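Trainee: Sharing data-v3.csv below, CSV, C-alpha atoms:
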chain,number,residue,atom,x,y,z
A,1,MET,CA,15.8,0.7,15.9
A,2,VAL,CA,12.8,2.3,14.2
A,3,VAL,CA,13.6,4.0,10.9
A,4,MET,CA,10.4,5.8,9.8
A,5,LEU,CA,10.5,7.0,6.2
A,6,GLU,CA,8.2,9.9,5.4
A,7,GLY,CA,7.5,12.2,2.5
A,8,TRP,CA,7.0,15.9,3.2
A,9,TYR,CA,5.2,18.1,0.6
A,10,HIS,CA,5.1,21.5,2.3
A,11,ARG,CA,1.5,21.6,1.3
A,12,GLU,CA,-1.8,20.5,2.9
A,13,SER,CA,-3.2,17.2,1.8
A,14,ARG,CA,-6.4,18.8,0.8
A,15,ASP,CA,-4.6,21.0,-1.7
A,16,VAL,CA,-2.8,18.1,-3.4
A,17,GLY,CA,-6.1,16.1,-3.6
A,18,GLU,CA,-7.8,19.1,-5.2
A,19,GLN,CA,-5.0,19.4,-7.7
A,20,LEU,CA,-5.1,15.8,-8.8
A,21,LEU,CA,-8.9,15.9,-9.2
A,22,SER,CA,-8.9,19.2,-11.1
A,23,THR,CA,-10.7,19.3,-14.4
A,24,SER,CA,-7.7,21.1,-15.9
A,25,GLN,CA,-4.9,18.9,-17.3
A,26,SER,CA,-2.3,21.6,-16.8
A,27,VAL,CA,-3.2,21.9,-13.1
A,28,ARG,CA,-3.3,18.1,-12.6
A,29,GLU,CA,0.1,17.5,-14.2
A,30,ALA,CA,1.9,20.4,-12.5
A,31,PRO,CA,4.7,18.4,-10.8
A,32,PHE,CA,5.1,18.4,-7.0
A,33,ARG,CA,7.9,16.8,-5.2
A,34,PRO,CA,8.2,15.3,-1.7
A,35,TYR,CA,11.1,15.8,0.7
A,36,MET,CA,12.4,12.9,2.7
A,37,LEU,CA,12.1,12.8,6.5
A,38,VAL,CA,13.6,10.1,8.7
A,39,ASN,CA,11.8,9.7,12.0
A,40,SER,CA,10.1,13.0,11.3
A,41,ARG,CA,13.3,14.9,10.8
A,42,GLY,CA,15.0,16.3,7.7
A,43,GLY,CA,16.8,19.2,6.3
A,44,SER,CA,20.4,19.9,5.4
A,45,ASP,CA,21.7,19.2,8.9
A,46,LEU,CA,22.5,15.5,8.6
A,47,ARG,CA,22.9,15.2,12.4
A,48,ARG,CA,19.1,15.2,12.6
A,49,THR,CA,18.9,12.0,10.6
A,50,THR,CA,22.0,10.2,11.6
A,51,LEU,CA,21.7,6.6,12.8
A,52,HIS,CA,24.3,5.7,15.5
A,53,PHE,CA,26.0,2.3,15.4
A,54,GLU,CA,28.4,0.7,18.0
A,55,PRO,CA,31.1,-1.6,16.6
A,56,GLY,CA,30.3,-5.3,16.5
A,57,LYS,CA,26.7,-5.0,17.5
A,58,THR,CA,23.8,-6.4,15.4
A,59,TYR,CA,20.9,-4.0,14.9
A,60,ARG,CA,17.3,-4.7,13.9
A,61,LEU,CA,16.2,-1.8,11.7
A,62,ARG,CA,12.4,-1.6,11.6
A,63,LEU,CA,11.9,0.2,8.3
A,64,LEU,CA,8.5,1.8,7.9
A,65,ASN,CA,7.3,3.7,4.8
A,66,VAL,CA,4.7,6.1,6.2
A,67,ALA,CA,4.8,8.5,3.3
A,68,ALA,CA,1.6,9.7,1.6
A,69,THR,CA,2.7,8.6,-1.8
A,70,GLY,CA,6.4,8.1,-2.2
A,71,MET,CA,8.0,4.7,-2.8
A,72,VAL,CA,11.4,4.6,-1.1
A,73,ARG,CA,14.6,2.6,-1.8
A,74,PHE,CA,16.9,2.0,1.1
A,75,GLY,CA,20.5,0.8,1.3
A,76,ILE,CA,23.6,1.2,3.4
A,77,GLU,CA,27.1,1.6,1.9
A,78,GLN,CA,29.4,-1.3,2.6
A,79,HIS,CA,26.8,-3.0,4.8
A,80,SER,CA,24.6,-6.0,3.9
A,81,MET,CA,21.2,-6.5,5.4
A,82,ARG,CA,19.2,-9.6,6.3
A,83,VAL,CA,15.4,-9.4,5.9
A,84,ILE,CA,13.6,-11.2,8.8
A,85,GLU,CA,10.1,-9.7,8.6
A,86,VAL,CA,7.6,-8.1,6.2
A,87,ASP,CA,4.4,-6.4,7.3
A,88,GLY,CA,4.5,-8.2,10.7
A,89,VAL,CA,5.2,-11.7,9.3
A,90,ASP,CA,8.5,-13.2,10.4
A,91,THR,CA,10.5,-14.7,7.6
A,92,GLU,CA,13.6,-16.9,7.2
A,93,PRO,CA,16.6,-14.5,6.9
A,94,LYS,CA,17.4,-13.4,3.3
A,95,GLU,CA,20.6,-11.4,2.7
A,96,VAL,CA,20.1,-8.3,0.5
A,97,ASN,CA,22.0,-5.3,-0.5
A,98,SER,CA,19.1,-2.9,-0.9
A,99,MET,CA,15.3,-2.9,-0.8
A,100,GLN,CA,12.2,-1.0,-2.0
A,101,LEU,CA,9.4,-0.1,0.3
A,102,SER,CA,6.0,1.1,-1.0
A,103,VAL,CA,3.7,3.2,1.0
A,104,GLY,CA,2.4,1.3,4.0
A,105,GLN,CA,5.0,-1.5,3.8
A,106,ARG,CA,7.1,-2.5,6.8
A,107,VAL,CA,10.3,-4.5,6.7
A,108,SER,CA,12.7,-5.6,9.5
A,109,VAL,CA,16.4,-6.1,8.6
A,110,LEU,CA,19.4,-7.2,10.7
A,111,VAL,CA,22.5,-5.2,10.1
A,112,THR,CA,25.8,-6.2,11.8
A,113,ALA,CA,28.0,-3.2,12.5
A,114,LYS,CA,31.6,-3.2,11.6
A,115,ASN,CA,34.3,-3.7,14.2
A,116,SER,CA,36.0,-0.4,13.6
A,117,THR,CA,35.3,3.3,14.4
A,118,LYS,CA,37.7,4.6,11.7
A,119,ALA,CA,34.9,5.5,9.3
A,120,ASN,CA,31.3,6.4,9.0
A,121,TYR,CA,29.1,5.3,6.1
A,122,ALA,CA,26.3,6.8,4.1
A,123,TYR,CA,22.8,5.4,4.0
A,124,HIS,CA,20.3,6.1,1.3
A,125,ALA,CA,16.6,6.6,1.5
A,126,ASP,CA,15.7,7.9,-2.0
A,127,ILE,CA,12.1,8.7,-2.7
A,128,PHE,CA,10.4,8.1,-6.0
A,129,THR,CA,7.6,10.3,-7.5
A,130,ASP,CA,5.0,7.8,-8.6
A,131,ILE,CA,1.7,9.6,-8.2
A,132,GLN,CA,0.9,11.8,-11.2
A,133,ALA,CA,-0.2,10.4,-14.6
A,134,GLY,CA,1.5,12.3,-17.3
A,135,VAL,CA,4.5,13.2,-15.1
A,136,ASP,CA,7.7,11.0,-15.5
A,137,ARG,CA,8.9,9.1,-12.6
A,138,ALA,CA,11.9,10.6,-10.9
A,139,VAL,CA,14.2,9.6,-8.1
A,140,LEU,CA,14.8,12.2,-5.4
A,141,PRO,CA,18.0,11.2,-3.6
A,142,PHE,CA,18.4,11.4,0.1
A,143,THR,CA,21.6,10.5,2.0
A,144,SER,CA,22.5,10.6,5.6
A,145,ILE,CA,24.9,8.9,8.0
A,146,ILE,CA,25.5,5.7,9.8
A,147,GLU,CA,27.8,7.1,12.5
A,148,TYR,CA,30.4,5.0,14.4
A,149,ALA,CA,32.5,8.0,15.6
A,150,GLN,CA,31.8,11.7,15.5
A,151,GLY,CA,34.2,13.3,12.9
A,152,ALA,CA,35.3,10.1,11.3
A,153,PRO,CA,35.6,10.3,7.5
A,154,LEU,CA,32.4,9.5,5.6
A,155,ARG,CA,32.5,6.8,2.9
A,156,ASN,CA,30.6,6.6,-0.3
A,157,ALA,CA,28.4,9.6,0.2
A,158,THR,CA,28.3,11.4,-3.1
A,159,SER,CA,27.8,9.8,-6.5
A,160,ASP,CA,26.3,6.6,-7.8
A,161,GLU,CA,29.7,5.7,-9.3
A,162,ASP,CA,31.2,5.5,-5.8
A,163,SER,CA,28.2,3.6,-4.4
A,164,THR,CA,28.4,-0.1,-3.2
A,165,VAL,CA,24.6,-0.4,-3.2
A,166,ASP,CA,23.4,-2.2,-6.3
A,167,TRP,CA,19.6,-1.5,-6.2
A,168,ASN,CA,18.8,-4.9,-7.4
A,169,PHE,CA,15.7,-5.3,-5.2
A,170,PHE,CA,14.7,-8.7,-3.7
A,171,GLU,CA,11.3,-10.2,-4.6
A,172,ASP,CA,9.0,-10.6,-1.7
A,173,ILE,CA,7.5,-13.7,-3.3
A,174,ASP,CA,10.8,-15.5,-2.7
A,175,LEU,CA,10.6,-15.0,1.0
A,176,VAL,CA,9.7,-18.0,3.2
A,177,PRO,CA,7.7,-17.4,6.4
A,178,ILE,CA,8.9,-18.8,9.8
A,179,ASP,CA,5.3,-20.0,10.4
A,180,ARG,CA,4.9,-22.2,7.4
A,181,GLN,CA,1.4,-22.5,6.1
A,182,PRO,CA,0.3,-23.9,2.8
A,183,ALA,CA,-1.8,-21.5,0.6
A,184,PRO,CA,-5.6,-21.9,0.7
A,185,GLY,CA,-7.5,-23.2,-2.3
A,186,VAL,CA,-9.9,-21.1,-4.4
A,187,HIS,CA,-13.7,-21.0,-3.7
A,188,LYS,CA,-14.2,-17.5,-5.1
A,189,TRP,CA,-12.2,-15.6,-7.7
A,190,VAL,CA,-12.1,-11.8,-7.7
A,191,PRO,CA,-10.5,-10.2,-10.8
A,192,LEU,CA,-9.7,-6.5,-10.4
A,193,GLU,CA,-8.3,-4.4,-13.3
A,194,VAL,CA,-6.6,-1.1,-12.4
A,195,ARG,CA,-6.8,1.8,-14.8
A,196,THR,CA,-6.5,5.6,-14.8
A,197,SER,CA,-8.8,7.5,-17.1
A,198,ILE,CA,-10.6,10.8,-17.6
A,199,PHE,CA,-14.2,10.2,-16.5
A,200,ASP,CA,-17.3,12.0,-17.7
A,201,ASP,CA,-17.0,14.5,-14.9
A,202,ARG,CA,-13.8,15.7,-16.7
A,203,ARG,CA,-11.7,14.6,-13.8
A,204,GLU,CA,-8.9,12.0,-13.7
A,205,HIS,CA,-10.0,9.0,-11.6
A,206,LEU,CA,-8.5,5.6,-10.8
A,207,ALA,CA,-10.7,2.6,-10.7
A,208,PHE,CA,-11.1,-1.1,-10.2
A,209,ASN,CA,-13.0,-2.6,-13.2
A,210,ASN,CA,-13.9,1.0,-14.4
A,211,ARG,CA,-15.8,1.7,-11.1
A,212,THR,CA,-14.3,4.5,-9.1
A,213,TYR,CA,-14.9,4.5,-5.3
A,214,GLU,CA,-16.9,7.0,-3.4
A,215,SER,CA,-17.8,6.7,0.3
A,216,PRO,CA,-21.5,5.9,0.9
A,217,LEU,CA,-23.6,8.1,3.1
A,218,VAL,CA,-24.1,5.3,5.5
A,219,PRO,CA,-20.9,3.5,6.5
A,220,THR,CA,-20.7,0.0,5.1
A,221,LEU,CA,-20.4,-1.6,8.5
A,222,THR,CA,-23.6,0.1,9.6
A,223,THR,CA,-25.4,-1.2,6.6
A,224,ALA,CA,-24.2,-4.7,7.2
A,225,LEU,CA,-25.4,-4.5,10.8
A,226,THR,CA,-28.9,-3.1,10.1
A,227,THR,CA,-30.2,-4.6,6.9
A,228,GLY,CA,-30.9,-8.2,8.0
A,229,TYR,CA,-30.9,-10.8,5.3
A,230,GLN,CA,-30.5,-8.1,2.7
A,231,ALA,CA,-26.9,-7.6,4.0
A,232,PHE,CA,-26.0,-10.4,1.5
A,233,TYR,CA,-27.1,-8.2,-1.4
A,234,PRO,CA,-24.2,-6.1,-2.8
A,235,ASP,CA,-26.6,-3.4,-4.0
A,236,VAL,CA,-27.5,-2.3,-0.4
A,237,TYR,CA,-23.9,-1.1,0.0
A,238,GLY,CA,-24.0,1.3,-2.9
A,239,PHE,CA,-22.7,0.9,-6.5
A,240,LYS,CA,-19.7,3.2,-5.9
A,241,SER,CA,-18.5,1.5,-2.8
A,242,ASN,CA,-17.3,-1.4,-5.0
A,243,PRO,CA,-18.9,-4.0,-2.7
A,244,ILE,CA,-17.8,-7.7,-2.8
A,245,ILE,CA,-19.6,-10.2,-0.5
A,246,LEU,CA,-17.6,-13.0,1.0
A,247,ASP,CA,-19.2,-16.1,2.5
A,248,PRO,CA,-17.7,-17.3,5.9
A,249,MET,CA,-14.6,-19.4,5.8
A,250,THR,CA,-14.4,-19.4,2.0
A,251,ASP,CA,-11.0,-19.3,0.2
A,252,ILE,CA,-10.6,-16.1,-1.8
A,253,GLU,CA,-8.3,-15.5,-4.7
A,254,VAL,CA,-7.8,-11.9,-5.8
A,255,ALA,CA,-6.2,-11.3,-9.2
A,256,MET,CA,-5.0,-7.6,-9.6
A,257,PHE,CA,-4.0,-6.5,-13.1
A,258,ASN,CA,-2.2,-3.1,-13.1
A,259,ASN,CA,-2.9,-1.4,-16.5
A,260,ASP,CA,-1.9,1.9,-15.1
A,261,PRO,CA,1.4,3.7,-15.9
A,262,ASN,CA,2.3,3.9,-12.2
A,263,SER,CA,3.1,1.3,-9.5
A,264,HIS,CA,0.5,0.8,-6.8
A,265,PRO,CA,0.9,-0.6,-3.3
A,266,PHE,CA,-2.4,-2.4,-2.5
A,267,HIS,CA,-3.3,-2.9,1.1
A,268,LEU,CA,-6.0,-5.2,2.5
A,269,HIS,CA,-7.5,-4.5,5.8
A,270,GLY,CA,-8.3,-7.4,8.2
A,271,HIS,CA,-6.1,-10.0,6.6
A,272,ASN,CA,-2.6,-11.0,5.7
A,273,PHE,CA,-2.7,-12.6,2.2
A,274,PHE,CA,-0.6,-15.3,0.6
A,275,ILE,CA,1.3,-14.1,-2.5
A,276,ILE,CA,0.8,-16.8,-5.1
A,277,HIS,CA,1.9,-15.5,-8.5
A,278,ARG,CA,3.5,-12.4,-10.1
A,279,GLY,CA,4.0,-11.6,-13.7
A,280,THR,CA,3.5,-9.2,-16.6
A,281,ILE,CA,0.2,-8.6,-18.3
A,282,ASP,CA,1.8,-9.5,-21.7
A,283,ASN,CA,2.8,-12.9,-20.1
A,284,ASP,CA,6.6,-12.4,-20.5
A,285,PRO,CA,7.9,-15.8,-19.2
A,286,ALA,CA,11.1,-14.2,-18.0
A,287,LYS,CA,9.2,-12.1,-15.5
A,288,TYR,CA,6.8,-14.8,-14.2
A,289,ARG,CA,7.3,-15.7,-10.6
A,290,ALA,CA,5.5,-18.4,-8.5
A,291,SER,CA,5.6,-18.9,-4.8
A,292,GLY,CA,7.0,-22.0,-3.2
A,293,GLN,CA,5.1,-24.5,-1.1
A,294,TYR,CA,4.7,-22.1,1.8
A,295,PRO,CA,4.1,-18.6,0.3
A,296,VAL,CA,5.0,-15.5,2.1
A,297,ARG,CA,2.2,-13.5,3.7
A,298,ARG,CA,1.8,-9.8,4.0
A,299,ASP,CA,-0.9,-7.1,3.9
A,300,THR,CA,0.5,-4.7,1.3
A,301,ILE,CA,1.8,-5.7,-2.1
A,302,THR,CA,3.4,-3.5,-4.8
A,303,ILE,CA,2.3,-4.1,-8.4
A,304,PRO,CA,4.5,-2.3,-11.0
A,305,PRO,CA,3.0,-0.9,-14.2
A,306,LYS,CA,1.6,-3.5,-16.7
A,307,GLU,CA,2.1,-6.3,-14.2
A,308,PHE,CA,-0.2,-8.5,-12.2
A,309,ALA,CA,-0.3,-10.2,-8.8
A,310,ILE,CA,-2.4,-13.0,-7.5
A,311,VAL,CA,-3.0,-13.3,-3.8
A,312,ARG,CA,-5.2,-15.5,-1.6
A,313,PHE,CA,-6.7,-15.4,1.9
A,314,THR,CA,-9.4,-17.2,3.9
A,315,ALA,CA,-12.5,-15.3,4.9
A,316,ASP,CA,-12.2,-16.0,8.6
A,317,ASN,CA,-12.5,-12.5,10.0
A,318,PRO,CA,-16.0,-11.1,9.7
A,319,GLY,CA,-16.1,-7.3,9.0
A,320,ALA,CA,-16.1,-4.6,6.3
A,321,TRP,CA,-12.6,-4.5,4.9
A,322,LEU,CA,-11.2,-2.1,2.3
A,323,LEU,CA,-8.8,-3.1,-0.4
A,324,HIS,CA,-7.1,0.1,-1.6
A,325,CYS,CA,-4.0,1.7,-3.0
A,326,HIS,CA,-2.0,2.9,-0.1
A,327,MET,CA,-1.0,6.1,-1.9
A,328,ILE,CA,-3.4,8.4,-0.1
A,329,TRP,CA,-4.4,10.5,-3.1
A,330,HIS,CA,-5.0,7.5,-5.3
A,331,GLY,CA,-7.5,6.5,-2.7
A,332,GLU,CA,-9.2,9.9,-3.0
A,333,GLN,CA,-9.2,9.4,-6.8
A,334,GLY,CA,-11.2,6.2,-6.3
A,335,LEU,CA,-8.9,3.2,-6.2
A,336,MET,CA,-10.7,1.2,-3.6
A,337,ALA,CA,-13.0,-1.7,-3.2
A,338,THR,CA,-14.9,-3.1,-0.2
A,339,PHE,CA,-15.0,-6.7,1.0
A,340,ILE,CA,-18.1,-7.4,3.2
A,341,GLU,CA,-17.1,-10.6,4.9
A,342,SER,CA,-19.7,-12.9,6.6
A,343,PRO,CA,-22.6,-10.4,7.0
A,344,TYR,CA,-24.6,-12.6,9.4
A,345,GLN,CA,-21.5,-13.1,11.6
A,346,ILE,CA,-21.1,-9.3,11.6
A,347,GLN,CA,-24.7,-8.9,12.8
A,348,ASN,CA,-24.3,-11.6,15.5
A,349,ASN,CA,-20.9,-10.5,16.9
A,350,THR,CA,-20.5,-6.7,16.3
A,351,ARG,CA,-22.0,-3.8,18.1
A,352,LEU,CA,-21.3,-0.1,17.3
A,353,PRO,CA,-20.0,1.8,20.3
A,354,GLN,CA,-22.2,4.6,21.5
A,355,SER,CA,-19.5,7.1,20.8
A,356,VAL,CA,-19.6,6.1,17.1
A,357,LYS,CA,-23.4,6.5,17.0
A,358,ASP,CA,-23.1,9.9,18.7
A,359,ASN,CA,-20.6,11.0,16.1
A,360,CYS,CA,-22.9,9.9,13.3
A,361,VAL,CA,-25.9,11.8,14.8
A,362,SER,CA,-23.8,15.0,15.1
A,363,MET,CA,-22.7,14.6,11.4
A,364,GLY,CA,-26.2,13.9,10.1
A,365,ILE,CA,-25.3,10.3,9.1
A,366,PRO,CA,-28.2,7.8,9.4
A,367,LEU,CA,-27.7,5.0,11.9
A,368,SER,CA,-29.3,2.3,9.8
A,369,GLY,CA,-30.3,1.3,6.3
A,370,ASN,CA,-28.6,0.9,2.9
A,371,SER,CA,-26.0,3.2,1.5
A,372,MET,CA,-28.5,6.0,1.2
A,373,GLY,CA,-30.1,5.5,4.6
A,374,ARG,CA,-33.2,3.8,3.2
A,375,ASN,CA,-34.7,0.4,3.6
A,376,GLY,CA,-33.4,-2.6,1.7
A,377,ILE,CA,-32.6,-2.1,-1.9
A,378,ASP,CA,-34.7,1.1,-2.2
A,379,LEU,CA,-32.1,3.0,-4.2
A,380,PRO,CA,-34.1,4.5,-7.1
A,381,ASP,CA,-32.0,7.7,-7.5
A,382,GLU,CA,-28.6,6.3,-6.4
A,383,PRO,CA,-25.8,8.2,-8.3
A,384,ARG,CA,-23.7,5.6,-10.2
A,385,GLY,CA,-21.3,7.7,-12.2
A,386,PRO,CA,-18.9,9.0,-13.1
A,387,PHE,CA,-17.8,6.6,-15.8
A,388,PRO,CA,-14.7,6.6,-18.1
A,389,LEU,CA,-14.9,8.4,-21.3
A,390,THR,CA,-14.5,6.1,-24.3
A,391,GLY,CA,-11.0,6.1,-25.7
A,392,LEU,CA,-9.3,7.8,-22.8
Any chance you could put this one into structure tokens?
Mentor:
Amino acid sequence: MVVMLEGWYHRESRDVGEQLLSTSQSVREAPFRPYMLVNSRGGSDLRRTTLHFEPGKTYRLRLLNVAATGMVRFGIEQHSMRVIEVDGVDTEPKEVNSMQLSVGQRVSVLVTAKNSTKANYAYHADIFTDIQAGVDRAVLPFTSIIEYAQGAPLRNATSDEDSTVDWNFFEDIDLVPIDRQPAPGVHKWVPLEVRTSIFDDRREHLAFNNRTYESPLVPTLTTALTTGYQAFYPDVYGFKSNPIILDPMTDIEVAMFNNDPNSHPFHLHGHNFFIIHRGTIDNDPAKYRASGQYPVRRDTITIPPKEFAIVRFTADNPGAWLLHCHMIWHGEQGLMATFIESPYQIQNNTRLPQSVKDNCVSMGIPLSGNSMGRNGIDLPDEPRGPFPLTGL
């Protein structure tokens, strides 16, 4: 049973993006709130979001957070759940009472229905506001129904005092994959510090290592395909694309330090990574977690404020892969980096479809060259800003 969790803003995405990138602090920090949809349905009529159970059956709920920004917590009154998969990676079952899903994360759980139709039960899919700097995090409650019988009394539907859901979320680092693989070593270390700041264009940007992302004129994959041996030079991809070159079959460790006041779900294209360590930036030993011999793998990891995560993967999939915050507007505010993996293999094994070339021509995008459509590292007037203002 697919349970697709969405946030609806009653606004166009472009409007929200323009608000967050406004030069006016009062405009940036004007709160906006999402409304929860389940399988693209919502509203006050709970029949639209009811999940139907038959007594005694075991259901696999495929929980998907497809919201633009909202983190969701999920739980079912008087029912336990067994996690069996995260982000497409099967895991040994782990019994939980509730869970938290960041944007882009997917989790499968097994839920065994009760043997009686005497009652229906509430389920919760509460959405958090975790997007605006300067705006306190809030929990926006959403409750609907696990229905065994139409008209049966509903249990635990109203207040937290009556709830049987404890909201003590499980740690993904504690999961064990069915396909047990030891973690790779470390050939290349990539440190990435996350910060939000006012930049010298008077806008609020997010950045890795104080470098905020902006798409190059020439797509990164096109540059990798058309610059020959210079495809190994990070400069050809543009300063603002945050380029990181990976040699083929090297083991990569990425250390992400979240110095931002908000949580961020970081998603890597092209790979599942091993989660190796989690902890706090101030090195609180009570909050340090290390993986076991066979670390869990996934493609999206949540890093809370003032915490870090260390992940590893092997560069065995040539391509141009983004690492980015899965909150859509945080991406627009610049929280992205680009891994260019095995440039020579890209050139030997990849061809752009003619339809892609035709689209580029119609949009005035060059079909070759560096990030500015020139040869090699000819980038004399490449824009490199904006940069963070000192002290902000």
Trainee: Compile a residue-level contact table for segment 273-377 of chain A against segment 51-68 of chain A at a cut-off of 9 Å, reporting for every qualifying residue the shortest atom pair and its distance in Å to one decimal, with all atoms listed in the file counted, rows ordered by chain and ascending number, as a Markdown table.
Mentor:
| residue | atom | partner | partner_atom | distance |
| --- | --- | --- | --- | --- |
| A:His326 | CA | A:Ala68 | CA | 7.9 |
| A:Met327 | CA | A:Ala68 | CA | 5.7 |
| A:Ile328 | CA | A:Ala68 | CA | 5.4 |
| A:Trp329 | CA | A:Ala68 | CA | 7.7 |
Trainee: If I put a ball of radius 6 Å at (14.6, -0.3, -5.9) in the file's coordinates, which residues poke into it when counting all atoms listed in the file, written as a compact mmCIF listing (two decimals) with C-alpha atoms, in the frame of the given file?
Mentor:
# COMPACT_ATOMS: atom_id res chain seq x y z
CA ARG A 73 14.60 2.60 -1.80
CA MET A 99 15.30 -2.90 -0.80
CA GLN A 100 12.20 -1.00 -2.00
CA TRP A 167 19.60 -1.50 -6.20
CA PHE A 169 15.70 -5.30 -5.20
Trainee: Please, what distance in Å, to one decimal, runs between atom CA of Ile84 of chain A and atom CA of Cys325 of chain A?
Mentor: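 About the pair atom CA of Ile84 of chain A and atom CA of Cys325 of chain A: they are 24.8 Å apart.
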Trainee: What separation in Å, quoted to one decimal, exists between atom CA of Val107 of chain A and atom CA of Ile173 of chain A?
Mentor: 13.9 Å
Trainee: A:Val165, A:Val3, A:Ala119, A:Ile76: which is nearest Gly151 of chain A, counting only C-alpha atoms?
Mentor: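 So, comparing all the options, the nearest one is A:Ala119.
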Trainee: In terms of the shortest atom-to-atom distance over only C-alpha atoms, which of A:Lys287, A:Lys188, A:Arg211, A:Arg14 is closest to Gly238 of chain A?
Mentor: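 Closest to Gly238 of chain A of all the choices is A:Arg211.
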Trainee: Would you list the contacts of His330 of chain A as a CSV table (one decimal) with C-alpha atoms, keeping the file's coordinate frame, taking every protein, DNA or RNA residue within 10 Å and counting only C-alpha atoms, but skipping same-chain residues closer than 4 positions in sequence?
Mentor:
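Everything below was put into out-v4.csv:
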chain,number,residue,atom,x,y,z
A,17,GLY,CA,-6.1,16.1,-3.6
A,20,LEU,CA,-5.1,15.8,-8.8
A,68,ALA,CA,1.6,9.7,1.6
A,69,THR,CA,2.7,8.6,-1.8
A,131,ILE,CA,1.7,9.6,-8.2
A,132,GLN,CA,0.9,11.8,-11.2
A,196,THR,CA,-6.5,5.6,-14.8
A,205,HIS,CA,-10.0,9.0,-11.6
A,206,LEU,CA,-8.5,5.6,-10.8
A,207,ALA,CA,-10.7,2.6,-10.7
A,264,HIS,CA,0.5,0.8,-6.8
A,324,HIS,CA,-7.1,0.1,-1.6
A,325,CYS,CA,-4.0,1.7,-3.0
A,326,HIS,CA,-2.0,2.9,-0.1
A,334,GLY,CA,-11.2,6.2,-6.3
A,335,LEU,CA,-8.9,3.2,-6.2
A,336,MET,CA,-10.7,1.2,-3.6
Trainee: List as a list in words the protein and nucleic acid residues near segment 350-355 of chain A, meaning an atom at most 9 Å away when all atoms listed in the file are counted, but skip any in the same chain fewer than 3 places from it.
Mentor: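 Returned residues: Leu221, Thr222, Leu225, Gly319, Gln345, Ile346, Gln347, Asp358, Asn359 and Cys360 of chain A.
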Trainee: What gap, in Å, lies between atom CA of Glu6 of chain A and atom CA of Gly70 of chain A?
Mentor: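 Computed distance, atom CA of Glu6 of chain A to atom CA of Gly70 of chain A, equals 8.0 Å.
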Trainee: I want to know what sits within 12 Å of Asn283 of chain A, based on all atoms listed in the file, with residues of the same chain fewer than 3 positions away left out; could you give that as number ranges by chain?
Mentor: A: 257, 277-280, 286-289, 306-308
Trainee: Name the closest residue to Ala149 of chain A among the candidates A:Phe387, A:Tyr121, A:Phe274, A:Tyr294; distances are taken between atoms, counting all atoms listed in the file.
Mentor: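 Closest candidate: A:Tyr121.
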